[in-house]
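Shown next: coords_16.pdb, containing PDB, C-alpha atoms.
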ATOM      1  CA  MET A   1     127.843  75.633  95.651
ATOM      2  CA  THR A   2     127.393  76.071  99.403
ATOM      3  CA  PRO A   3     123.744  75.811 100.474
ATOM      4  CA  ASP A   4     122.056  78.508 102.556
ATOM      5  CA  LEU A   5     120.192  78.243 105.822
ATOM      6  CA  ALA A   6     116.497  79.083 105.871
ATOM      7  CA  LEU A   7     113.937  79.130 108.667
ATOM      8  CA  GLY A   8     111.429  76.301 108.639
ATOM      9  CA  THR A   9     108.426  76.990 110.854
ATOM     10  CA  TYR A  10     106.792  73.546 111.149
ATOM     11  CA  ARG A  11     108.164  72.731 114.614
ATOM     12  CA  CYS A  12     109.261  76.243 115.549
ATOM     13  CA  ARG A  13     107.659  77.272 118.863
ATOM     14  CA  ASP A  14     108.423  81.008 118.767
ATOM     15  CA  ILE A  15     108.411  82.087 115.127
ATOM     16  CA  PRO A  16     109.291  85.793 115.623
ATOM     17  CA  GLN A  17     112.222  84.948 117.917
ATOM     18  CA  ALA A  18     113.454  82.213 115.592
ATOM     19  CA  ALA A  19     113.319  84.683 112.715
ATOM     20  CA  VAL A  20     115.576  87.070 114.625
ATOM     21  CA  HIS A  21     118.189  84.335 115.062
ATOM     22  CA  ALA A  22     117.802  83.177 111.453
ATOM     23  CA  VAL A  23     118.313  86.663 110.038
ATOM     24  CA  ALA A  24     121.321  87.218 112.321
ATOM     25  CA  CYS A  25     122.933  84.142 110.748
ATOM     26  CA  GLY A  26     122.269  85.338 107.217
ATOM     27  CA  ALA A  27     119.066  83.471 106.395
ATOM     28  CA  SER A  28     117.098  85.119 103.620
ATOM     29  CA  TRP A  29     114.193  82.616 103.366
ATOM     30  CA  ILE A  30     111.357  81.599 105.678
ATOM     31  CA  ASP A  31     109.231  78.577 104.851
ATOM     32  CA  THR A  32     105.769  78.145 106.342
ATOM     33  CA  ALA A  33     102.281  76.781 105.644
ATOM     34  CA  PRO A  34      98.720  77.802 106.505
ATOM     35  CA  ASN A  35      98.214  74.677 108.642
ATOM     36  CA  TYR A  36     101.352  75.132 110.777
ATOM     37  CA  HIS A  37     100.879  76.156 114.423
ATOM     38  CA  HIS A  38      97.212  75.216 114.321
ATOM     39  CA  GLY A  39      96.709  77.653 111.474
ATOM     40  CA  ARG A  40      98.430  80.644 113.076
ATOM     41  CA  ALA A  41     101.945  80.491 111.590
ATOM     42  CA  GLN A  42     101.322  82.912 108.737
ATOM     43  CA  THR A  43      99.724  85.613 110.863
ATOM     44  CA  ARG A  44     102.608  85.319 113.331
ATOM     45  CA  LEU A  45     105.028  85.795 110.462
ATOM     46  CA  GLN A  46     103.380  88.943 109.128
ATOM     47  CA  PRO A  47     105.159  91.433 111.476
ATOM     48  CA  VAL A  48     108.462  89.638 110.818
ATOM     49  CA  LEU A  49     108.054  90.124 107.078
ATOM     50  CA  VAL A  50     107.017  93.748 107.520
ATOM     51  CA  GLY A  51     110.107  94.411 109.610
ATOM     52  CA  ASN A  52     112.415  92.542 107.215
ATOM     53  CA  PRO A  53     111.319  93.430 103.674
ATOM     54  CA  GLY A  54     114.352  91.672 102.210
ATOM     55  CA  LEU A  55     113.243  88.292 103.525
ATOM     56  CA  ARG A  56     111.751  85.912 101.003
ATOM     57  CA  VAL A  57     108.918  83.624 102.044
ATOM     58  CA  SER A  58     107.507  80.347 100.795
ATOM     59  CA  THR A  59     104.219  78.847 101.907
ATOM     60  CA  LYS A  60     101.961  76.006 100.837
ATOM     61  CA  VAL A  61      98.503  74.849  99.803
ATOM     62  CA  GLY A  62      96.917  71.487 100.526
ATOM     63  CA  PHE A  63      96.209  70.825 104.201
ATOM     64  CA  LEU A  64      93.146  72.147 105.992
ATOM     65  CA  THR A  65      92.903  72.794 109.719
ATOM     66  CA  PRO A  66      89.362  72.737 111.144
ATOM     67  CA  ASP A  67      89.234  76.543 110.992
ATOM     68  CA  ILE A  68      90.465  76.582 107.403
ATOM     69  CA  ALA A  69      87.940  73.896 106.471
ATOM     70  CA  THR A  70      85.116  75.960 107.966
ATOM     71  CA  ALA A  71      86.211  79.151 106.216
ATOM     72  CA  ALA A  72      86.705  77.354 102.911
ATOM     73  CA  SER A  73      83.299  75.688 103.216
ATOM     74  CA  ASP A  74      81.631  79.019 103.962
ATOM     75  CA  ALA A  75      83.326  80.485 100.886
ATOM     76  CA  GLY A  76      82.221  77.588  98.690
ATOM     77  CA  ALA A  77      85.828  76.595  98.048
ATOM     78  CA  VAL A  78      85.443  72.982  99.229
ATOM     79  CA  THR A  79      82.692  70.386  99.407
ATOM     80  CA  PRO A  80      81.789  68.798 102.759
ATOM     81  CA  THR A  81      83.726  65.678 101.751
ATOM     82  CA  GLU A  82      86.814  67.706 100.831
ATOM     83  CA  ALA A  83      86.601  69.683 104.061
ATOM     84  CA  ALA A  84      86.387  66.496 106.113
ATOM     85  CA  SER A  85      89.377  64.916 104.348
ATOM     86  CA  GLY A  86      91.837  67.473 105.708
ATOM     87  CA  HIS A  87      93.682  67.703 102.382
ATOM     88  CA  CYS A  88      92.527  69.219  99.111
ATOM     89  CA  LEU A  89      94.214  70.308  95.885
ATOM     90  CA  THR A  90      91.284  71.201  93.649
ATOM     91  CA  HIS A  91      91.616  74.265  91.443
ATOM     92  CA  ARG A  92      88.878  76.050  93.407
ATOM     93  CA  TYR A  93      90.418  75.411  96.819
ATOM     94  CA  VAL A  94      94.015  76.156  95.775
ATOM     95  CA  ALA A  95      92.992  79.528  94.305
ATOM     96  CA  TRP A  96      91.056  80.381  97.482
ATOM     97  CA  GLN A  97      93.847  79.286  99.839
ATOM     98  CA  SER A  98      96.499  81.073  97.809
ATOM     99  CA  ARG A  99      94.694  84.389  98.224
ATOM    100  CA  ARG A 100      94.097  83.689 101.913
ATOM    101  CA  ASN A 101      97.853  83.107 102.267
ATOM    102  CA  VAL A 102      98.519  86.574 100.850
ATOM    103  CA  ALA A 103      96.110  88.136 103.347
ATOM    104  CA  GLU A 104      97.647  86.295 106.312
ATOM    105  CA  LEU A 105     101.249  86.987 105.311
ATOM    106  CA  GLY A 106     100.547  90.597 104.404
ATOM    107  CA  ARG A 107     102.380  90.245 101.109
ATOM    108  CA  ALA A 108     102.673  88.037  98.059
ATOM    109  CA  PRO A 109     104.679  84.885  98.804
ATOM    110  CA  ASP A 110     107.712  84.237  96.638
ATOM    111  CA  ILE A 111     106.818  80.548  96.284
ATOM    112  CA  VAL A 112     103.680  78.520  96.987
ATOM    113  CA  PHE A 113     104.368  74.802  97.317
ATOM    114  CA  VAL A 114     101.772  72.154  96.518
ATOM    115  CA  HIS A 115     101.874  70.329  99.856
ATOM    116  CA  ASN A 116     102.270  66.534  99.845
ATOM    117  CA  PRO A 117     100.317  65.770  96.665
ATOM    118  CA  GLU A 118     101.147  62.089  97.162
ATOM    119  CA  ARG A 119      98.260  62.061  99.665
ATOM    120  CA  ALA A 120      95.728  62.537  96.868
ATOM    121  CA  ASP A 121      93.936  59.561  95.325
ATOM    122  CA  ARG A 122      95.256  60.632  91.918
ATOM    123  CA  PRO A 123      98.453  62.605  92.594
ATOM    124  CA  HIS A 124      99.174  63.606  88.992
ATOM    125  CA  ASP A 125      95.638  64.937  88.575
ATOM    126  CA  ALA A 126      95.927  66.786  91.886
ATOM    127  CA  ILE A 127      99.193  68.408  90.812
ATOM    128  CA  THR A 128      97.636  69.385  87.500
ATOM    129  CA  SER A 129      94.646  71.091  89.112
ATOM    130  CA  ALA A 130      96.861  72.852  91.658
ATOM    131  CA  PHE A 131      99.349  74.033  89.016
ATOM    132  CA  THR A 132      96.495  75.379  86.887
ATOM    133  CA  ALA A 133      95.355  77.574  89.770
ATOM    134  CA  LEU A 134      98.868  78.605  90.804
ATOM    135  CA  GLU A 135      99.908  79.457  87.258
ATOM    136  CA  ALA A 136      96.986  81.892  87.132
ATOM    137  CA  GLU A 137      97.983  83.359  90.506
ATOM    138  CA  ALA A 138     101.575  83.832  89.318
ATOM    139  CA  ARG A 139     100.541  85.461  86.065
ATOM    140  CA  ALA A 140      98.335  87.848  88.051
ATOM    141  CA  GLY A 141     101.308  88.790  90.266
ATOM    142  CA  ARG A 142      99.778  87.409  93.453
ATOM    143  CA  ILE A 143     102.603  84.875  93.934
ATOM    144  CA  GLY A 144     106.149  84.754  92.627
ATOM    145  CA  GLY A 145     106.118  81.131  91.552
ATOM    146  CA  TYR A 146     105.188  77.656  92.721
ATOM    147  CA  GLY A 147     106.635  74.247  93.461
ATOM    148  CA  VAL A 148     106.037  70.849  95.029
ATOM    149  CA  ALA A 149     106.806  70.077  98.677
ATOM    150  CA  THR A 150     106.698  66.366  99.382
ATOM    151  CA  TRP A 151     107.718  63.850 102.011
ATOM    152  CA  THR A 152     107.717  60.652  99.938
ATOM    153  CA  GLY A 153     106.395  61.689  96.521
ATOM    154  CA  PHE A 154     109.752  61.532  94.761
ATOM    155  CA  ASP A 155     110.171  57.917  95.913
ATOM    156  CA  GLY A 156     108.142  56.759  92.933
ATOM    157  CA  THR A 157     104.767  58.483  92.964
ATOM    158  CA  PHE A 158     106.002  61.222  90.618
ATOM    159  CA  SER A 159     109.303  62.627  89.392
ATOM    160  CA  VAL A 160     110.763  66.049  88.726
ATOM    161  CA  ALA A 161     110.251  65.331  85.034
ATOM    162  CA  ASP A 162     106.561  64.671  85.734
ATOM    163  CA  VAL A 163     106.011  67.967  87.523
ATOM    164  CA  LEU A 164     107.963  69.841  84.846
ATOM    165  CA  ASP A 165     105.768  68.293  82.164
ATOM    166  CA  ILE A 166     102.626  69.285  84.070
ATOM    167  CA  ALA A 167     103.907  72.831  84.572
ATOM    168  CA  THR A 168     104.712  73.137  80.864
ATOM    169  CA  CYS A 169     101.275  71.780  79.972
ATOM    170  CA  ARG A 170      99.521  74.297  82.240
ATOM    171  CA  GLY A 171     101.817  77.296  81.726
ATOM    172  CA  GLY A 172     103.744  76.742  78.529
ATOM    173  CA  PRO A 173     107.513  77.256  78.258
ATOM    174  CA  GLY A 174     107.218  80.357  80.462
ATOM    175  CA  HIS A 175     105.655  78.455  83.369
ATOM    176  CA  HIS A 176     106.247  79.545  86.953
ATOM    177  CA  LEU A 177     107.412  76.249  88.477
ATOM    178  CA  VAL A 178     110.541  77.288  90.373
ATOM    179  CA  ALA A 179     111.328  74.849  93.206
ATOM    180  CA  ILE A 180     110.915  71.519  94.937
ATOM    181  CA  GLN A 181     111.062  70.658  98.638
ATOM    182  CA  LEU A 182     111.914  67.257 100.111
ATOM    183  CA  PRO A 183     113.587  65.730 103.193
ATOM    184  CA  VAL A 184     117.286  64.863 103.116
ATOM    185  CA  SER A 185     118.980  63.546 106.244
ATOM    186  CA  LEU A 186     120.795  60.584 107.751
ATOM    187  CA  VAL A 187     117.455  58.766 107.919
ATOM    188  CA  MET A 188     116.381  59.936 104.448
ATOM    189  CA  LEU A 189     119.549  59.087 102.537
ATOM    190  CA  LYS A 190     118.095  57.926  99.231
ATOM    191  CA  PRO A 191     118.281  61.444  97.697
ATOM    192  CA  VAL A 192     121.939  61.608  98.761
ATOM    193  CA  ALA A 193     122.765  58.282  97.097
ATOM    194  CA  HIS A 194     120.969  59.353  93.918
ATOM    195  CA  ALA A 195     122.625  62.785  93.875
ATOM    196  CA  LEU A 196     126.080  61.191  94.081
ATOM    197  CA  GLU A 197     125.196  59.289  90.906
ATOM    198  CA  CYS A 198     123.832  62.472  89.261
ATOM    199  CA  THR A 199     120.315  61.008  89.268
ATOM    200  CA  GLY A 200     117.166  61.521  91.325
ATOM    201  CA  PRO A 201     115.209  64.624  92.280
ATOM    202  CA  LEU A 202     118.107  66.844  93.353
ATOM    203  CA  ALA A 203     120.090  66.271  90.170
ATOM    204  CA  GLU A 204     116.994  66.565  87.986
ATOM    205  CA  ALA A 205     115.909  69.794  89.687
ATOM    206  CA  THR A 206     119.379  71.290  89.342
ATOM    207  CA  ALA A 207     119.508  70.400  85.656
ATOM    208  CA  ALA A 208     116.124  72.083  85.163
ATOM    209  CA  GLY A 209     117.157  75.240  87.012
ATOM    210  CA  LEU A 210     114.814  74.623  89.949
ATOM    211  CA  ASP A 211     115.731  75.618  93.511
ATOM    212  CA  THR A 212     115.785  72.851  96.120
ATOM    213  CA  PHE A 213     114.551  73.288  99.678
ATOM    214  CA  ILE A 214     115.534  70.597 102.164
ATOM    215  CA  SER A 215     113.158  69.838 105.016
ATOM    216  CA  ALA A 216     113.875  67.919 108.228
ATOM    217  CA  PRO A 217     117.705  67.874 107.982
ATOM    218  CA  LEU A 218     117.807  66.773 111.635
ATOM    219  CA  HIS A 219     114.572  64.744 111.349
ATOM    220  CA  GLY A 220     112.581  66.973 113.642
ATOM    221  CA  GLY A 221     115.404  67.227 116.172
ATOM    222  CA  GLU A 222     115.539  63.453 116.668
ATOM    223  CA  LEU A 223     118.749  62.766 114.746
ATOM    224  CA  PRO A 224     121.375  64.019 117.232
ATOM    225  CA  ALA A 225     120.243  61.397 119.740
ATOM    226  CA  LEU A 226     120.465  58.685 117.082
ATOM    227  CA  VAL A 227     123.938  59.484 115.758
ATOM    228  CA  THR A 228     126.554  57.397 117.520
ATOM    229  CA  ALA A 229     129.969  58.772 118.404
ATOM    230  CA  GLU A 230     131.486  56.332 115.909
ATOM    231  CA  LEU A 231     129.263  57.595 113.087
ATOM    232  CA  ALA A 232     129.995  61.226 113.984
ATOM    233  CA  ARG A 233     133.741  60.490 113.820
ATOM    234  CA  LEU A 234     133.327  58.868 110.411
ATOM    235  CA  ILE A 235     131.527  61.923 109.091
ATOM    236  CA  ALA A 236     133.594  64.673 110.687
ATOM    237  CA  PRO A 237     136.038  63.961 113.546
ATOM    238  CA  GLY A 238     135.473  66.382 116.402
ATOM    239  CA  ALA A 239     131.957  67.325 115.327
ATOM    240  CA  THR A 240     128.921  66.971 117.557
ATOM    241  CA  SER A 241     126.195  64.567 116.495
ATOM    242  CA  ALA A 242     124.013  67.425 115.217
ATOM    243  CA  GLU A 243     126.892  69.013 113.327
ATOM    244  CA  ALA A 244     127.836  65.716 111.696
ATOM    245  CA  ALA A 245     124.257  65.055 110.615
ATOM    246  CA  LEU A 246     123.823  68.552 109.210
ATOM    247  CA  ARG A 247     127.135  68.350 107.360
ATOM    248  CA  VAL A 248     125.952  65.306 105.400
ATOM    249  CA  THR A 249     122.870  67.182 104.216
ATOM    250  CA  ALA A 250     124.877  70.317 103.435
ATOM    251  CA  SER A 251     127.411  68.301 101.416
ATOM    252  CA  THR A 252     124.817  66.635  99.204
ATOM    253  CA  PRO A 253     125.060  67.806  95.574
ATOM    254  CA  GLY A 254     122.110  69.890  94.426
ATOM    255  CA  VAL A 255     121.035  71.254  97.819
ATOM    256  CA  ASN A 256     120.213  74.995  97.792
ATOM    257  CA  GLN A 257     118.260  75.835 100.959
ATOM    258  CA  ILE A 258     118.307  73.887 104.243
ATOM    259  CA  LEU A 259     115.314  74.502 106.498
ATOM    260  CA  LEU A 260     116.237  74.749 110.175
ATOM    261  CA  GLY A 261     113.379  74.905 112.667
ATOM    262  CA  SER A 262     115.156  76.023 115.825
ATOM    263  CA  GLY A 263     114.371  79.006 118.021
ATOM    264  CA  HIS A 264     117.739  78.895 119.817
ATOM    265  CA  ALA A 265     120.522  81.263 118.821
ATOM    266  CA  GLN A 266     123.247  78.708 119.595
ATOM    267  CA  HIS A 267     121.689  76.204 117.179
ATOM    268  CA  TRP A 268     121.688  78.768 114.379
ATOM    269  CA  GLU A 269     125.256  79.796 115.103
ATOM    270  CA  ALA A 270     126.412  76.176 115.095
ATOM    271  CA  ALA A 271     124.564  75.482 111.837
ATOM    272  CA  HIS A 272     126.053  78.602 110.287
ATOM    273  CA  ARG A 273     129.546  77.352 111.169
ATOM    274  CA  VAL A 274     128.820  73.928 109.675
ATOM    275  CA  LEU A 275     127.664  75.395 106.376
ATOM    276  CA  ALA A 276     130.825  77.495 106.196
ATOM    277  CA  LEU A 277     132.933  74.313 106.154
ATOM    278  CA  PRO A 278     134.022  72.625 102.915
ATOM    279  CA  SER A 279     131.708  69.938 101.595
ATOM    280  CA  LEU A 280     132.504  66.397 102.652
ATOM    281  CA  PRO A 281     134.244  64.298  99.993
ATOM    282  CA  ASP A 282     131.963  62.037  97.968
ATOM    283  CA  LYS A 283     133.966  59.120  99.385
ATOM    284  CA  THR A 284     132.806  60.015 102.910
ATOM    285  CA  LEU A 285     129.188  60.291 101.816
ATOM    286  CA  HIS A 286     129.407  56.877 100.155
ATOM    287  CA  GLU A 287     130.887  55.419 103.361
ATOM    288  CA  VAL A 288     128.031  56.861 105.422
ATOM    289  CA  ILE A 289     125.493  55.380 103.015
ATOM    290  CA  ASP A 290     127.209  51.990 103.197
ATOM    291  CA  VAL A 291     127.342  52.046 107.019
ATOM    292  CA  LEU A 292     123.675  52.960 107.347
ATOM    293  CA  GLY A 293     122.585  50.561 104.640
ATOM    294  CA  ALA A 294     120.749  53.170 102.599
TER
END
Write-out of the structure in structure tokens:
Amino acid sequence: MTPDLALGTYRCRDIPQAAVHAVACGASWIDTAPNYHHGRAQTRLQPVLVGNPGLRVSTKVGFLTPDIATAASDAGAVTPTEAASGHCLTHRYVAWQSRRNVAELGRAPDIVFVHNPERADRPHDAITSAFTALEAEARAGRIGGYGVATWTGFDGTFSVADVLDIATCRGGPGHHLVAIQLPVSLVMLKPVAHALECTGPLAEATAAGLDTFISAPLHGGELPALVTAELARLIAPGATSAEAALRVTASTPGVNQILLGSGHAQHWEAAHRVLALPSLPDKTLHEVIDVLGA
């Protein structure tokens, strides 16, 4: 299955303009978080979502900006210690932030991701408390479903099986866990190697019917400068460094949505062309992994 492009707003400077380019290239998802853009990303997205009712949106709970910490403290949603930590996944805070997300977006998000639970002292307990709150929000119709967005969590802190077990414990067989989000790129190749062996988070998520959202496919825009001409030729002769890097991510088994954070039309058009190409052979992906020592 060919993955789809989605707009990721973490490093996106002009969210409304980026959304125009994303929609023009067929993107149907926007991913954001309440802490992005110094806490202003969701409010900047609201007119975009109003003007494009067919767009689906995912957001997150977990990180607190200073303004969020103050508002949450005033509402009694966090303790002073939790506010000062900058990251919180208690039931009370997650429920409060989830409803604040709805107000800022102007609509119910389709997915709320538990954001980097590996930062918690007890990640499994943090996921459990967050899922308890989000399951209630989903059952009340205030969110569509929930998931886990992580940078390194699937490297051993927890597994897809773990989060599925927690979701089943908190929501029963009809739980609302629907997706995972993780980085996959030329500098984050472990998920690619695992997927080629039908193991790891991408394969496990696919087997469970979960959607997969891929963050940082170009490693925050740094990858094109790191890809040598020789490596680009190995991946896809004639491709630019950015195109070669993106093609590896797009060819990885189990990838559904690739988050692109660009505000430039030419970047979206180039990415759209890359995703229209056939997937790279597994042999090529194995060669890339061998060359980079992943």
Distance query range 184-198 of chain A at most 7 Å, all atoms listed in the file, self and fewer than 4 positions along chain excluded, as a ChimeraX atom specification: /A:202-203,214-219,245,249,252-253,294
As a check of understanding, name the residues that the PyMOL selection byres ((chain A and resi 204) around 12) selects in the supplied structure, as a PyMOL selection string. chain A and resi 154+159-164+179-180+191+194-195+197-203+205-212+253-255
Let me know the residues the PyMOL selection byres ((chain A and resi 257-266) around 9) catches in the file above, as number ranges by chain. A: 3-22, 24-25, 29-31, 211-218, 220-221, 249-250, 255-256, 267-271
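For range 106-109 of chain A, the residues within 7 Å (counting all atoms listed in the file, excluding itself and residues fewer than 4 positions away along the chain) are A:Gln46, A:Val57, A:Ser58, A:Thr59, A:Val102, A:Arg142, A:Ile143, A:Gly144.
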Excluding same-chain residues fewer than 2 positions from Gly54 in chain A, what lies within 12 Å of it counting only C-alpha atoms, as a PDB file with C-alpha atoms, in the frame of the given file?
ATOM      1  CA  VAL A  23     118.313  86.663 110.038  1.00  0.00           C
ATOM      2  CA  GLY A  26     122.269  85.338 107.217  1.00  0.00           C
ATOM      3  CA  ALA A  27     119.066  83.471 106.395  1.00  0.00           C
ATOM      4  CA  SER A  28     117.098  85.119 103.620  1.00  0.00           C
ATOM      5  CA  TRP A  29     114.193  82.616 103.366  1.00  0.00           C
ATOM      6  CA  ILE A  30     111.357  81.599 105.678  1.00  0.00           C
ATOM      7  CA  VAL A  48     108.462  89.638 110.818  1.00  0.00           C
ATOM      8  CA  LEU A  49     108.054  90.124 107.078  1.00  0.00           C
ATOM      9  CA  VAL A  50     107.017  93.748 107.520  1.00  0.00           C
ATOM     10  CA  GLY A  51     110.107  94.411 109.610  1.00  0.00           C
ATOM     11  CA  ASN A  52     112.415  92.542 107.215  1.00  0.00           C
ATOM     12  CA  ARG A  56     111.751  85.912 101.003  1.00  0.00           C
ATOM     13  CA  VAL A  57     108.918  83.624 102.044  1.00  0.00           C
ATOM     14  CA  ASP A 110     107.712  84.237  96.638  1.00  0.00           C
TER      15      ASP A 110
END
Hey, what comes out of the PyMOL selection byres ((chain A and resi 76-86) around 10) on this file? Could you write it as a list in words? Gly62, Phe63, Leu64, Thr65, Pro66, Ile68, Ala69, Thr70, Ala71, Ala72, Ser73, Asp74, Ala75, His87, Cys88, Leu89, Thr90, His91, Arg92, Tyr93, Val94, Ala95, Trp96 and Gln97 of chain A
Applying 12 Å and only C-alpha atoms, which residues near Thr284 in chain A remain after dropping the ones on its own chain fewer than 5 positions away? List them as a ChimeraX atom specification. /A:192-193,196,231-237,244,247-248,251-252,279,289-291
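Interatomic distance, CA of Gly153 in chain A to CA of Glu118 in chain A: 5.3 Å.
Nearest residue to Tyr146 in chain A, choosing from A:His37, A:His175, A:Ile111, A:Pro281 and counting all atoms listed in the file: A:Ile111.
CA of Ala33 in chain A is found 21.5 Å from CA of His124 in chain A.
Taking all atoms listed in the file into account, Arg44 in chain A lies nearest to A:Glu104 out of the set A:Arg122, A:Gly171, A:Glu104, A:Ser129.
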